[in-house]
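As provided, input-v1.txt (compact mmCIF, C-alpha atoms) reads as follows.
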```txt
# COMPACT_ATOMS: atom_id res chain seq x y z
CA MET Y 1 -1.92 -84.03 96.35
CA ASN Y 2 -5.18 -85.92 95.99
CA VAL Y 3 -8.65 -84.46 96.49
CA PHE Y 4 -12.14 -85.71 95.72
CA ILE Y 5 -14.54 -84.02 93.33
CA ASN Y 6 -18.07 -85.42 93.21
CA GLY Y 7 -16.68 -88.55 94.81
CA GLN Y 8 -13.91 -89.06 92.26
CA GLN Y 9 -10.32 -88.90 93.43
CA ILE Y 10 -8.07 -86.64 91.34
CA SER Y 11 -4.47 -85.49 91.58
CA VAL Y 12 -4.11 -81.69 91.61
CA GLY Y 13 -0.43 -80.79 92.09
CA SER Y 14 1.30 -79.36 95.16
CA GLU Y 15 -0.44 -75.97 95.67
CA PRO Y 16 -3.97 -76.51 94.42
CA THR Y 17 -6.92 -74.16 94.63
CA VAL Y 18 -10.60 -74.75 94.02
CA LEU Y 19 -10.20 -73.04 90.65
CA LEU Y 20 -7.39 -75.35 89.56
CA ALA Y 21 -9.29 -78.42 90.67
CA LEU Y 22 -12.37 -77.34 88.72
CA GLN Y 23 -10.31 -76.68 85.60
CA HIS Y 24 -8.82 -80.14 85.98
CA PHE Y 25 -12.13 -81.92 86.55
CA LEU Y 26 -14.72 -80.17 84.40
CA SER Y 27 -14.93 -80.36 80.63
CA THR Y 28 -14.49 -77.11 78.70
CA GLU Y 29 -18.21 -77.15 77.98
CA GLN Y 30 -19.12 -77.62 81.65
CA GLN Y 31 -16.89 -74.76 82.73
CA LYS Y 32 -19.14 -72.43 80.67
CA GLN Y 33 -22.32 -73.75 82.32
CA SER Y 34 -24.04 -72.73 85.54
CA PHE Y 35 -22.67 -74.57 88.55
CA ALA Y 36 -21.96 -74.00 92.22
CA VAL Y 37 -19.34 -75.38 94.56
CA ALA Y 38 -19.06 -76.64 98.12
CA LEU Y 39 -15.80 -77.54 99.85
CA ASN Y 40 -16.06 -80.10 102.66
CA GLY Y 41 -19.76 -79.32 102.93
CA ASP Y 42 -19.46 -75.52 103.01
CA PHE Y 43 -20.46 -73.20 100.17
CA VAL Y 44 -17.66 -71.51 98.23
CA GLY Y 45 -18.73 -68.54 96.12
CA LYS Y 46 -17.40 -68.01 92.60
CA ALA Y 47 -15.40 -64.99 93.71
CA ASP Y 48 -13.42 -67.21 96.11
CA TYR Y 49 -12.42 -70.09 93.80
CA GLN Y 50 -8.98 -68.66 93.08
CA GLN Y 51 -8.08 -67.81 96.68
CA THR Y 52 -9.40 -71.00 98.29
CA SER Y 53 -6.55 -73.47 98.69
CA LEU Y 54 -7.03 -77.20 99.06
CA ASN Y 55 -5.64 -79.73 101.50
CA GLN Y 56 -4.97 -83.43 101.05
CA GLY Y 57 -8.23 -85.40 101.05
CA ASP Y 58 -10.51 -82.38 100.68
CA SER Y 59 -13.91 -83.07 99.17
CA ILE Y 60 -15.44 -80.76 96.55
CA ASP Y 61 -19.02 -80.94 95.35
CA VAL Y 62 -19.80 -79.35 91.98
CA LEU Y 63 -23.53 -79.12 91.41
CA PHE Y 64 -25.49 -78.27 88.28
CA PRO Y 65 -29.16 -77.37 87.73
CA ILE Y 66 -31.45 -80.34 87.24
CA GLN Y 67 -35.18 -81.00 87.26
CA GLY Y 68 -36.83 -81.19 90.67
CA GLY Y 69 -40.15 -81.33 92.43
CA MET U 1 -67.62 -68.49 107.30
CA THR U 2 -64.80 -68.10 109.75
CA MET U 3 -62.41 -66.65 107.18
CA SER U 4 -62.87 -64.44 104.19
CA LYS U 5 -60.68 -63.60 101.26
CA PRO U 6 -61.31 -60.83 98.77
CA MET U 7 -61.99 -61.86 95.18
CA ASN U 8 -59.26 -61.67 92.55
CA THR U 9 -56.33 -61.57 94.93
CA THR U 10 -53.04 -62.98 93.75
CA LEU U 11 -50.70 -65.38 95.48
CA ASN U 12 -48.36 -63.58 97.86
CA ILE U 13 -44.84 -64.99 98.21
CA TYR U 14 -42.99 -62.72 100.65
CA GLY U 15 -44.56 -59.66 99.05
CA GLN U 16 -44.13 -60.85 95.45
CA GLN U 17 -47.55 -61.11 93.81
CA VAL U 18 -47.90 -64.18 91.57
CA ASP U 19 -50.93 -64.57 89.32
CA SER U 20 -51.23 -68.35 89.51
CA ARG U 21 -52.01 -70.54 92.49
CA LEU U 22 -50.33 -73.61 91.06
CA LEU U 23 -46.63 -74.27 91.62
CA ILE U 24 -45.26 -77.11 89.53
CA GLY U 25 -42.24 -79.38 89.54
CA SER U 26 -40.01 -80.09 86.56
CA ALA U 27 -39.15 -83.75 87.25
CA LEU U 28 -40.37 -87.15 86.07
CA TYR U 29 -41.90 -86.10 82.73
CA PRO U 30 -41.60 -88.48 79.77
CA SER U 31 -39.44 -85.93 77.93
CA PRO U 32 -38.22 -82.33 78.29
CA GLU U 33 -40.59 -81.26 75.54
CA ILE U 34 -43.61 -82.75 77.32
CA MET U 35 -42.40 -81.10 80.51
CA LYS U 36 -42.42 -77.74 78.78
CA GLN U 37 -45.85 -78.25 77.22
CA ALA U 38 -47.34 -79.44 80.51
CA ILE U 39 -45.94 -76.58 82.57
CA LEU U 40 -47.18 -74.03 80.02
CA ALA U 41 -50.61 -75.73 80.00
CA SER U 42 -50.77 -75.59 83.80
CA ASP U 43 -50.58 -71.77 83.87
CA ALA U 44 -48.12 -72.16 86.75
CA LYS U 45 -45.77 -69.23 87.24
CA ILE U 46 -43.43 -70.89 89.73
CA VAL U 47 -41.33 -73.88 88.67
CA THR U 48 -39.33 -75.97 91.11
CA LEU U 49 -35.92 -77.40 90.28
CA SER U 50 -32.85 -78.71 92.02
CA LEU U 51 -29.06 -79.11 91.99
CA LYS U 52 -27.19 -82.35 91.57
CA ARG U 53 -23.73 -83.64 90.91
CA GLN U 54 -22.87 -84.05 87.26
CA ASN U 55 -19.78 -85.75 85.96
CA PRO U 56 -17.90 -84.53 82.87
CA ALA U 57 -19.48 -87.04 80.48
CA GLU U 58 -23.05 -86.03 81.39
CA GLN U 59 -24.95 -83.34 79.52
CA ALA U 60 -28.58 -84.20 80.26
CA GLY U 61 -28.86 -81.65 83.06
CA ALA U 62 -27.81 -78.79 80.80
CA LYS U 63 -30.66 -79.52 78.40
CA ILE U 64 -33.26 -79.60 81.17
CA TRP U 65 -31.93 -76.32 82.56
CA GLN U 66 -32.24 -74.75 79.12
CA TYR U 67 -35.88 -75.87 78.87
CA ILE U 68 -36.70 -74.53 82.33
CA GLN U 69 -35.13 -71.18 81.49
CA GLU U 70 -37.24 -71.01 78.32
CA ILE U 71 -40.41 -71.74 80.31
CA VAL U 72 -39.71 -69.10 82.94
CA THR U 73 -38.86 -66.52 80.30
CA GLU U 74 -42.01 -67.31 78.31
CA THR U 75 -44.32 -67.15 81.35
CA LYS U 76 -42.48 -64.29 83.07
CA GLY U 77 -42.36 -66.73 85.95
CA PHE U 78 -40.13 -67.58 88.87
CA LEU U 79 -37.69 -70.32 89.81
CA LEU U 80 -38.08 -72.09 93.12
CA PRO U 81 -34.98 -74.20 93.87
CA ASN U 82 -35.35 -76.99 96.41
CA THR U 83 -33.02 -78.73 98.83
CA ALA U 84 -34.18 -82.23 97.94
CA GLY U 85 -32.01 -85.01 99.32
CA CYS U 86 -30.73 -83.07 102.33
CA LYS U 87 -30.92 -84.82 105.68
CA THR U 88 -29.35 -82.22 107.97
CA ALA U 89 -29.71 -78.50 108.48
CA LYS U 90 -26.06 -78.02 107.46
CA GLU U 91 -26.57 -79.79 104.13
CA ALA U 92 -29.72 -77.81 103.43
CA VAL U 93 -28.11 -74.46 104.27
CA THR U 94 -25.13 -75.18 102.00
CA LEU U 95 -27.37 -76.29 99.15
CA ALA U 96 -29.55 -73.20 99.58
CA LYS U 97 -26.50 -70.95 99.29
CA MET U 98 -25.36 -72.80 96.16
CA SER U 99 -28.84 -72.41 94.66
CA ARG U 100 -28.93 -68.71 95.43
CA GLU U 101 -25.71 -68.17 93.53
CA ILE U 102 -26.79 -70.11 90.44
CA PHE U 103 -30.45 -69.14 90.22
CA LYS U 104 -30.12 -65.56 91.47
CA THR U 105 -33.06 -65.95 93.84
CA ASP U 106 -33.38 -65.86 97.61
CA TRP U 107 -36.44 -68.13 97.48
CA ILE U 108 -35.76 -71.65 98.68
CA LYS U 109 -38.09 -74.62 98.99
CA LEU U 110 -36.59 -76.07 102.13
CA GLU U 111 -36.68 -79.85 102.37
CA VAL U 112 -34.87 -81.71 105.14
CA ILE U 113 -35.81 -85.36 105.09
CA GLY U 114 -35.86 -87.39 108.29
CA ASP U 115 -36.95 -90.80 107.11
CA ASP U 116 -35.99 -92.66 103.95
CA TYR U 117 -39.13 -94.80 103.87
CA ASN U 118 -41.79 -92.11 103.58
CA LEU U 119 -39.50 -89.10 102.97
CA GLN U 120 -41.04 -87.40 105.99
CA PRO U 121 -39.50 -84.02 106.85
CA ASP U 122 -37.34 -83.87 109.96
CA PRO U 123 -39.02 -81.13 112.01
CA ILE U 124 -36.01 -80.42 114.23
CA GLU U 125 -33.50 -80.06 111.40
CA LEU U 126 -36.09 -78.13 109.41
CA LEU U 127 -36.54 -75.53 112.15
CA ASN U 128 -32.78 -75.27 112.62
CA ALA U 129 -32.17 -74.74 108.89
CA THR U 130 -35.05 -72.28 108.61
CA GLU U 131 -33.66 -70.12 111.39
CA GLN U 132 -30.20 -70.00 109.79
CA LEU U 133 -31.50 -69.26 106.31
CA LEU U 134 -33.90 -66.52 107.41
CA LYS U 135 -31.02 -64.81 109.23
CA ASP U 136 -28.99 -65.07 106.03
CA GLY U 137 -31.67 -63.24 104.05
CA PHE U 138 -33.41 -66.17 102.40
CA LYS U 139 -37.14 -66.27 101.84
CA VAL U 140 -37.82 -69.75 103.09
CA LEU U 141 -40.70 -71.90 101.84
CA PRO U 142 -40.47 -74.87 104.22
CA TYR U 143 -41.89 -78.26 103.30
CA CYS U 144 -43.27 -79.83 106.47
CA THR U 145 -45.81 -82.31 107.73
CA ASP U 146 -49.38 -81.36 108.60
CA ASP U 147 -48.42 -80.80 112.24
CA LEU U 148 -49.97 -77.59 113.55
CA VAL U 149 -47.25 -76.87 116.10
CA ILE U 150 -44.43 -77.27 113.59
CA CYS U 151 -46.26 -74.88 111.27
CA GLN U 152 -46.71 -72.41 114.12
CA ARG U 153 -43.01 -72.60 115.01
CA LEU U 154 -42.04 -71.98 111.39
CA TYR U 155 -44.38 -69.00 111.26
CA ASP U 156 -43.01 -67.65 114.55
CA LEU U 157 -39.48 -67.85 113.16
CA GLY U 158 -40.56 -65.57 110.32
CA CYS U 159 -41.73 -67.83 107.53
CA GLN U 160 -44.44 -65.99 105.63
CA VAL U 161 -45.04 -69.09 103.49
CA ILE U 162 -45.54 -72.60 104.90
CA MET U 163 -45.98 -75.77 102.87
CA PRO U 164 -47.51 -78.71 104.75
CA TRP U 165 -47.80 -82.02 102.94
CA ALA U 166 -51.03 -83.59 101.81
CA SER U 167 -49.37 -87.03 102.03
CA PRO U 168 -45.85 -88.38 101.42
CA ILE U 169 -44.03 -87.24 98.28
CA GLY U 170 -44.98 -89.08 95.14
CA THR U 171 -47.71 -91.23 96.68
CA GLY U 172 -50.67 -89.52 95.05
CA LYS U 173 -52.74 -90.38 98.12
CA GLY U 174 -54.26 -86.92 98.37
CA LEU U 175 -55.23 -85.18 101.60
CA MET U 176 -54.55 -87.80 104.30
CA ASN U 177 -55.72 -85.66 107.17
CA PRO U 178 -58.13 -82.89 106.17
CA TYR U 179 -58.78 -82.02 109.82
CA ASN U 180 -55.12 -81.18 110.42
CA LEU U 181 -54.93 -79.12 107.25
CA GLU U 182 -58.11 -77.20 108.09
CA THR U 183 -56.81 -76.53 111.60
CA ILE U 184 -53.54 -75.12 110.24
CA ARG U 185 -55.53 -72.80 107.96
CA LEU U 186 -57.73 -71.71 110.85
CA ARG U 187 -54.86 -71.10 113.28
CA LEU U 188 -52.52 -69.34 110.82
CA PRO U 189 -54.87 -67.05 108.90
CA GLN U 190 -52.09 -64.62 107.91
CA ALA U 191 -49.66 -67.20 106.53
CA THR U 192 -49.48 -68.07 102.86
CA LEU U 193 -50.26 -71.79 102.96
CA ILE U 194 -49.27 -73.98 100.03
CA LEU U 195 -50.28 -77.63 100.05
CA ASP U 196 -47.21 -79.53 98.89
CA ALA U 197 -46.68 -83.19 98.05
CA GLY U 198 -48.95 -86.19 97.82
CA ILE U 199 -51.52 -84.63 95.51
CA GLY U 200 -52.88 -87.28 93.13
CA ARG U 201 -55.90 -85.96 91.33
CA PRO U 202 -57.41 -82.60 90.44
CA SER U 203 -60.12 -82.97 93.08
CA ASP U 204 -57.37 -83.09 95.75
CA ALA U 205 -56.14 -79.69 94.64
CA CYS U 206 -59.69 -78.38 94.46
CA LEU U 207 -60.38 -79.55 98.01
CA ALA U 208 -57.27 -77.81 99.33
CA MET U 209 -58.33 -74.56 97.70
CA GLU U 210 -61.88 -74.93 99.06
CA MET U 211 -60.28 -75.13 102.54
CA GLY U 212 -58.75 -71.73 101.97
CA TYR U 213 -55.24 -72.81 101.05
CA ASP U 214 -53.46 -70.19 99.00
CA ALA U 215 -51.89 -72.51 96.46
CA VAL U 216 -50.91 -76.06 95.60
CA LEU U 217 -47.48 -77.41 94.67
CA LEU U 218 -47.35 -80.67 92.75
CA ASN U 219 -45.23 -82.62 90.29
CA SER U 220 -45.90 -86.36 90.02
CA ALA U 221 -49.65 -85.97 89.57
CA VAL U 222 -49.05 -84.21 86.26
CA ALA U 223 -45.76 -85.76 85.16
CA LEU U 224 -46.92 -89.35 85.71
CA ALA U 225 -50.39 -88.93 84.20
CA ASP U 226 -51.11 -90.79 80.97
CA ASN U 227 -51.43 -87.38 79.33
CA PRO U 228 -49.43 -84.83 81.34
CA VAL U 229 -50.47 -81.85 79.23
CA MET U 230 -54.18 -82.58 79.63
CA MET U 231 -53.72 -83.28 83.35
CA ALA U 232 -51.93 -79.96 83.77
CA LYS U 233 -54.96 -78.17 82.31
CA ALA U 234 -57.25 -80.18 84.59
CA PHE U 235 -55.28 -79.07 87.66
CA ALA U 236 -55.33 -75.46 86.52
CA GLN U 237 -59.13 -75.58 86.27
CA ALA U 238 -59.54 -77.47 89.56
CA ILE U 239 -57.51 -74.87 91.43
CA VAL U 240 -59.52 -71.99 90.02
CA ALA U 241 -62.77 -73.83 90.84
CA GLY U 242 -61.64 -74.55 94.39
CA GLU U 243 -60.54 -71.01 95.05
CA GLN U 244 -63.76 -69.54 93.70
CA GLY U 245 -65.72 -72.04 95.81
CA TYR U 246 -63.86 -70.88 98.90
CA VAL U 247 -64.31 -67.19 98.15
CA ALA U 248 -67.99 -67.71 97.31
CA GLY U 249 -68.57 -69.38 100.69
CA VAL U 250 -69.68 -72.98 100.89
CA MET U 251 -73.12 -73.56 102.44
CA GLN U 252 -73.37 -74.98 105.92
CA GLN U 253 -74.14 -78.69 106.08
CA ARG U 254 -77.52 -79.57 107.59
CA GLN U 255 -78.55 -82.65 109.47
CA THR U 256 -81.91 -83.13 107.75
CA ALA U 257 -83.22 -82.90 104.22
CA HIS U 258 -84.72 -79.68 102.97
CA PRO U 259 -86.61 -79.61 99.67
CA SER U 260 -85.05 -77.44 97.02
CA THR U 261 -88.35 -76.91 95.23
CA PRO U 262 -90.90 -74.76 97.10
CA THR U 263 -93.61 -76.94 98.67
CA LEU U 264 -96.30 -74.28 98.73
CA ASP U 265 -99.00 -75.04 96.18
CA THR U 266 -97.41 -78.34 95.25
CA PRO U 267 -99.81 -80.22 92.95
CA PHE U 268 -101.32 -83.45 94.24
CA TRP U 269 -100.09 -82.57 97.74
CA HIS U 270 -102.04 -84.12 100.57
CA GLN U 271 -101.90 -83.26 104.23
CA GLN U 272 -100.82 -86.32 106.21
CA GLY U 273 -102.44 -87.29 109.51
```
What does this structure look like when you write it as structure tokens?
Amino acid sequence: MNVFINGQQISVGSEPTVLLALQHFLSTEQQKQSFAVALNGDFVGKADYQQTSLNQGDSIDVLFPIQGG
Amino acid sequence: MTMSKPMNTTLNIYGQQVDSRLLIGSALYPSPEIMKQAILASDAKIVTLSLKRQNPAEQAGAKIWQYIQEIVTETKGFLLPNTAGCKTAKEAVTLAKMSREIFKTDWIKLEVIGDDYNLQPDPIELLNATEQLLKDGFKVLPYCTDDLVICQRLYDLGCQVIMPWASPIGTGKGLMNPYNLETIRLRLPQATLILDAGIGRPSDACLAMEMGYDAVLLNSAVALADNPVMMAKAFAQAIVAGEQGYVAGVMQQRQTAHPSTPTLDTPFWHQQG
């Protein structure tokens, strides 16, 4: 199954979850950092990564802190 | 004076007292180190920041985040995440929820942009997002234009803090419409009003404070100065001067000249006519 993370298409196996997709996409270093996730434009809290399953073509946004005005 | 404010009050953000009336952004500085020095020099206690995508090869964001955490720890300050880049209420609400999880704050600087050319806030989407976020427990600090009715609607929804622009983001044009800004202050005396965006020079910030605004939020004016650290100090002083000028009560303008020096017993004075 293919999903998109931050606009990049990745292959995530047959029964993917948000957690599995993040482990696939993020570097080990990034997985230790502060980040937050949205699935198809809706917020997904950290406590729900493992239970939230993915469908073909889903779009995940993984956002990190950055400077801002 | 039509309004009065007791001396030595602090900035009130939804009941949280903050002992600086300058809010400062963390973007556009020549380096993270200069950013840190400038923010510390500004005496600001509230620092704005944002969330963005980051791909696995990128690490720059992590360094900036580390610097901002150091600043907030050192100043015992507060983070104010924004929703920059959002164009719909749905996007802004999602980004606000993501920010709340990461930054552990229910404060959100709500930006919903309606026009790419001048980055003008979309008032309809802004009101929609504000209503949803307030219901969800957020303390919303909405960035809006200097339109009195939009500010009133935001206040009626429950926003205790409202942030009208001085002029479009990053222009440095200063207070485009002082009449509008003064009217908002006059009509919403109980709201915490923060002038946000478009500030260019310290006198702009001073003028806003002389009008009775509670605080000023800026970024480019310091970050893009030739010497950001010195400019940060200049803004800190301008804001204190403006606030004290407002509290002290500015004299009424007069149509005709009045001599400052007493005329009685003026030497060499001759009666005319």
(message) When you count only C-alpha atoms, which of these residues is closest to chain Y: U:Pro202, U:Gly137, U:Pro262, U:Gly25?
(response) U:Gly25
(request) Counting only C-alpha atoms, figure out which residue out of U:Gly158, U:Glu33, U:Val149, U:Gly170 gets nearest to chain Y. (result) U:Gly170
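By chain and then residue number, the residues within 9 Å of Ala36 in chain Y are Y:Phe43, Y:Val44, Y:Gly45, Y:Lys46, Y:Asp61, Y:Val62, Y:Leu63, Y:Phe64, U:Leu51, U:Lys97, U:Met98, U:Ser99, U:Glu101, U:Ile102, counting only C-alpha atoms and disregarding those fewer than 5 positions away in sequence.
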(message) At a cut-off of 10 Å, which residues of chain Y touch chain U? Count all atoms listed in the file and give the answer as number ranges by chain.
(response) Y: 5-8, 25-31, 33-39, 41-46, 61-69
(message) Neighbouring residues of Met211 in chain U were defined as those with any atom within 8 Å, considering all atoms listed in the file; residues of the same chain fewer than 2 positions away were excluded. Please report them as number ranges by chain.
(response) U: 182, 185, 207-209, 213, 246
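Picture a line from CA of Cys159 in chain U to CA of Leu141 in chain U; it runs 7.1 Å.
If you look at CA of Ile46 in chain U and CA of Gly85 in chain U, they are 20.5 Å away from each other.
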(request) Could you give me, as a list in words, the residues within 9 Å of Asn55 in chain Y, counting all atoms listed in the file and dropping anything in the same chain fewer than 2 positions from it? (result) Met1, Asn2, Val3, Glu15, Pro16, Thr17, Ser53, Gly57 and Asp58 of chain Y
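Atom to atom, CA of Leu133 in chain U and CA of Leu193 in chain U stand 19.2 Å apart.
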Please give the centre and size of the box around range 30-34 of chain U (axis-aligned, containing every atom listed in the file, 6 Å added per side), with values in Å to one decimal and written as lines of an AutoDock Vina configuration file.
```
center_x = -40.9
center_y = -84.9
center_z = 77.7
size_x = 17.4
size_y = 19.2
size_z = 16.2
```
Selected range 98-108 of chain U, written as a PDB file, in the first residue's frame, all heavy atoms:
```pdb
ATOM      1  N   MET U  98      -2.050  20.586  16.617  1.00  0.00           N
ATOM      2  CA  MET U  98      -0.697  20.024  16.552  1.00  0.00           C
ATOM      3  C   MET U  98       0.261  20.844  17.424  1.00  0.00           C
ATOM      4  O   MET U  98       1.100  20.292  18.141  1.00  0.00           O
ATOM      5  CB  MET U  98      -0.210  19.998  15.103  1.00  0.00           C
ATOM      6  CG  MET U  98      -1.048  19.093  14.205  1.00  0.00           C
ATOM      7  SD  MET U  98      -0.705  19.269  12.441  1.00  0.00           S
ATOM      8  CE  MET U  98       0.675  18.142  12.255  1.00  0.00           C
ATOM      9  N   SER U  99       0.117  22.160  17.384  1.00  0.00           N
ATOM     10  CA  SER U  99       0.975  23.033  18.193  1.00  0.00           C
ATOM     11  C   SER U  99       0.748  22.802  19.681  1.00  0.00           C
ATOM     12  O   SER U  99       1.691  22.788  20.473  1.00  0.00           O
ATOM     13  CB  SER U  99       0.684  24.502  17.865  1.00  0.00           C
ATOM     14  OG  SER U  99       1.057  24.798  16.548  1.00  0.00           O
ATOM     15  N   ARG U 100      -0.509  22.635  20.049  1.00  0.00           N
ATOM     16  CA  ARG U 100      -0.825  22.432  21.471  1.00  0.00           C
ATOM     17  C   ARG U 100      -0.152  21.167  21.998  1.00  0.00           C
ATOM     18  O   ARG U 100       0.340  21.148  23.130  1.00  0.00           O
ATOM     19  CB  ARG U 100      -2.339  22.361  21.666  1.00  0.00           C
ATOM     20  CG  ARG U 100      -2.760  22.170  23.112  1.00  0.00           C
ATOM     21  CD  ARG U 100      -4.228  22.453  23.343  1.00  0.00           C
ATOM     22  NE  ARG U 100      -5.110  21.561  22.588  1.00  0.00           N
ATOM     23  CZ  ARG U 100      -6.446  21.626  22.622  1.00  0.00           C
ATOM     24  NH1 ARG U 100      -7.034  22.562  23.346  1.00  0.00           N
ATOM     25  NH2 ARG U 100      -7.180  20.787  21.923  1.00  0.00           N
ATOM     26  N   GLU U 101      -0.128  20.133  21.170  1.00  0.00           N
ATOM     27  CA  GLU U 101       0.507  18.894  21.629  1.00  0.00           C
ATOM     28  C   GLU U 101       2.013  19.059  21.788  1.00  0.00           C
ATOM     29  O   GLU U 101       2.594  18.617  22.784  1.00  0.00           O
ATOM     30  CB  GLU U 101       0.223  17.756  20.643  1.00  0.00           C
ATOM     31  CG  GLU U 101       0.820  16.434  21.102  1.00  0.00           C
ATOM     32  CD  GLU U 101       0.531  15.304  20.140  1.00  0.00           C
ATOM     33  OE1 GLU U 101       1.176  15.232  19.075  1.00  0.00           O
ATOM     34  OE2 GLU U 101      -0.354  14.493  20.449  1.00  0.00           O
ATOM     35  N   ILE U 102       2.653  19.708  20.834  1.00  0.00           N
ATOM     36  CA  ILE U 102       4.114  19.841  20.887  1.00  0.00           C
ATOM     37  C   ILE U 102       4.542  20.840  21.956  1.00  0.00           C
ATOM     38  O   ILE U 102       5.445  20.571  22.746  1.00  0.00           O
ATOM     39  CB  ILE U 102       4.673  20.303  19.519  1.00  0.00           C
ATOM     40  CG1 ILE U 102       4.585  19.169  18.509  1.00  0.00           C
ATOM     41  CG2 ILE U 102       6.118  20.769  19.661  1.00  0.00           C
ATOM     42  CD1 ILE U 102       5.231  19.486  17.176  1.00  0.00           C
ATOM     43  N   PHE U 103       3.918  22.016  21.959  1.00  0.00           N
ATOM     44  CA  PHE U 103       4.415  23.110  22.794  1.00  0.00           C
ATOM     45  C   PHE U 103       3.760  23.159  24.171  1.00  0.00           C
ATOM     46  O   PHE U 103       4.107  24.001  24.997  1.00  0.00           O
ATOM     47  CB  PHE U 103       4.229  24.442  22.064  1.00  0.00           C
ATOM     48  CG  PHE U 103       4.949  24.500  20.743  1.00  0.00           C
ATOM     49  CD1 PHE U 103       4.265  24.756  19.562  1.00  0.00           C
ATOM     50  CD2 PHE U 103       6.312  24.268  20.668  1.00  0.00           C
ATOM     51  CE1 PHE U 103       4.918  24.805  18.341  1.00  0.00           C
ATOM     52  CE2 PHE U 103       6.991  24.311  19.452  1.00  0.00           C
ATOM     53  CZ  PHE U 103       6.285  24.575  18.291  1.00  0.00           C
ATOM     54  N   LYS U 104       2.804  22.293  24.406  1.00  0.00           N
ATOM     55  CA  LYS U 104       2.151  22.219  25.729  1.00  0.00           C
ATOM     56  C   LYS U 104       1.576  23.564  26.153  1.00  0.00           C
ATOM     57  O   LYS U 104       1.717  23.985  27.298  1.00  0.00           O
ATOM     58  CB  LYS U 104       3.133  21.721  26.797  1.00  0.00           C
ATOM     59  CG  LYS U 104       3.919  20.470  26.424  1.00  0.00           C
ATOM     60  CD  LYS U 104       3.048  19.231  26.524  1.00  0.00           C
ATOM     61  CE  LYS U 104       3.852  17.962  26.349  1.00  0.00           C
ATOM     62  NZ  LYS U 104       4.305  17.678  24.984  1.00  0.00           N
ATOM     63  N   THR U 105       0.969  24.263  25.192  1.00  0.00           N
ATOM     64  CA  THR U 105       0.307  25.530  25.516  1.00  0.00           C
ATOM     65  C   THR U 105      -1.014  25.614  24.762  1.00  0.00           C
ATOM     66  O   THR U 105      -1.122  25.116  23.637  1.00  0.00           O
ATOM     67  CB  THR U 105       1.187  26.740  25.136  1.00  0.00           C
ATOM     68  OG1 THR U 105       0.451  27.948  25.423  1.00  0.00           O
ATOM     69  CG2 THR U 105       1.573  26.749  23.663  1.00  0.00           C
ATOM     70  N   ASP U 106      -2.000  26.239  25.413  1.00  0.00           N
ATOM     71  CA  ASP U 106      -3.268  26.454  24.710  1.00  0.00           C
ATOM     72  C   ASP U 106      -3.341  27.855  24.093  1.00  0.00           C
ATOM     73  O   ASP U 106      -4.376  28.239  23.566  1.00  0.00           O
ATOM     74  CB  ASP U 106      -4.470  26.180  25.626  1.00  0.00           C
ATOM     75  CG  ASP U 106      -4.382  26.890  26.948  1.00  0.00           C
ATOM     76  OD1 ASP U 106      -3.515  27.781  27.098  1.00  0.00           O
ATOM     77  OD2 ASP U 106      -5.170  26.563  27.850  1.00  0.00           O
ATOM     78  N   TRP U 107      -2.239  28.594  24.137  1.00  0.00           N
ATOM     79  CA  TRP U 107      -2.181  29.868  23.418  1.00  0.00           C
ATOM     80  C   TRP U 107      -1.945  29.583  21.944  1.00  0.00           C
ATOM     81  O   TRP U 107      -1.117  28.737  21.586  1.00  0.00           O
ATOM     82  CB  TRP U 107      -1.021  30.732  23.916  1.00  0.00           C
ATOM     83  CG  TRP U 107      -1.160  31.279  25.292  1.00  0.00           C
ATOM     84  CD1 TRP U 107      -2.155  31.023  26.189  1.00  0.00           C
ATOM     85  CD2 TRP U 107      -0.255  32.175  25.939  1.00  0.00           C
ATOM     86  NE1 TRP U 107      -1.920  31.713  27.354  1.00  0.00           N
ATOM     87  CE2 TRP U 107      -0.767  32.417  27.229  1.00  0.00           C
ATOM     88  CE3 TRP U 107       0.930  32.784  25.567  1.00  0.00           C
ATOM     89  CZ2 TRP U 107      -0.123  33.258  28.132  1.00  0.00           C
ATOM     90  CZ3 TRP U 107       1.579  33.616  26.463  1.00  0.00           C
ATOM     91  CH2 TRP U 107       1.051  33.858  27.736  1.00  0.00           C
ATOM     92  N   ILE U 108      -2.634  30.324  21.087  1.00  0.00           N
ATOM     93  CA  ILE U 108      -2.370  30.189  19.655  1.00  0.00           C
ATOM     94  C   ILE U 108      -2.516  31.552  18.980  1.00  0.00           C
ATOM     95  O   ILE U 108      -3.519  32.243  19.171  1.00  0.00           O
ATOM     96  CB  ILE U 108      -3.308  29.139  18.993  1.00  0.00           C
ATOM     97  CG1 ILE U 108      -2.861  28.827  17.575  1.00  0.00           C
ATOM     98  CG2 ILE U 108      -4.765  29.542  19.027  1.00  0.00           C
ATOM     99  CD1 ILE U 108      -1.634  27.976  17.472  1.00  0.00           C
TER     100      ILE U 108
END
```
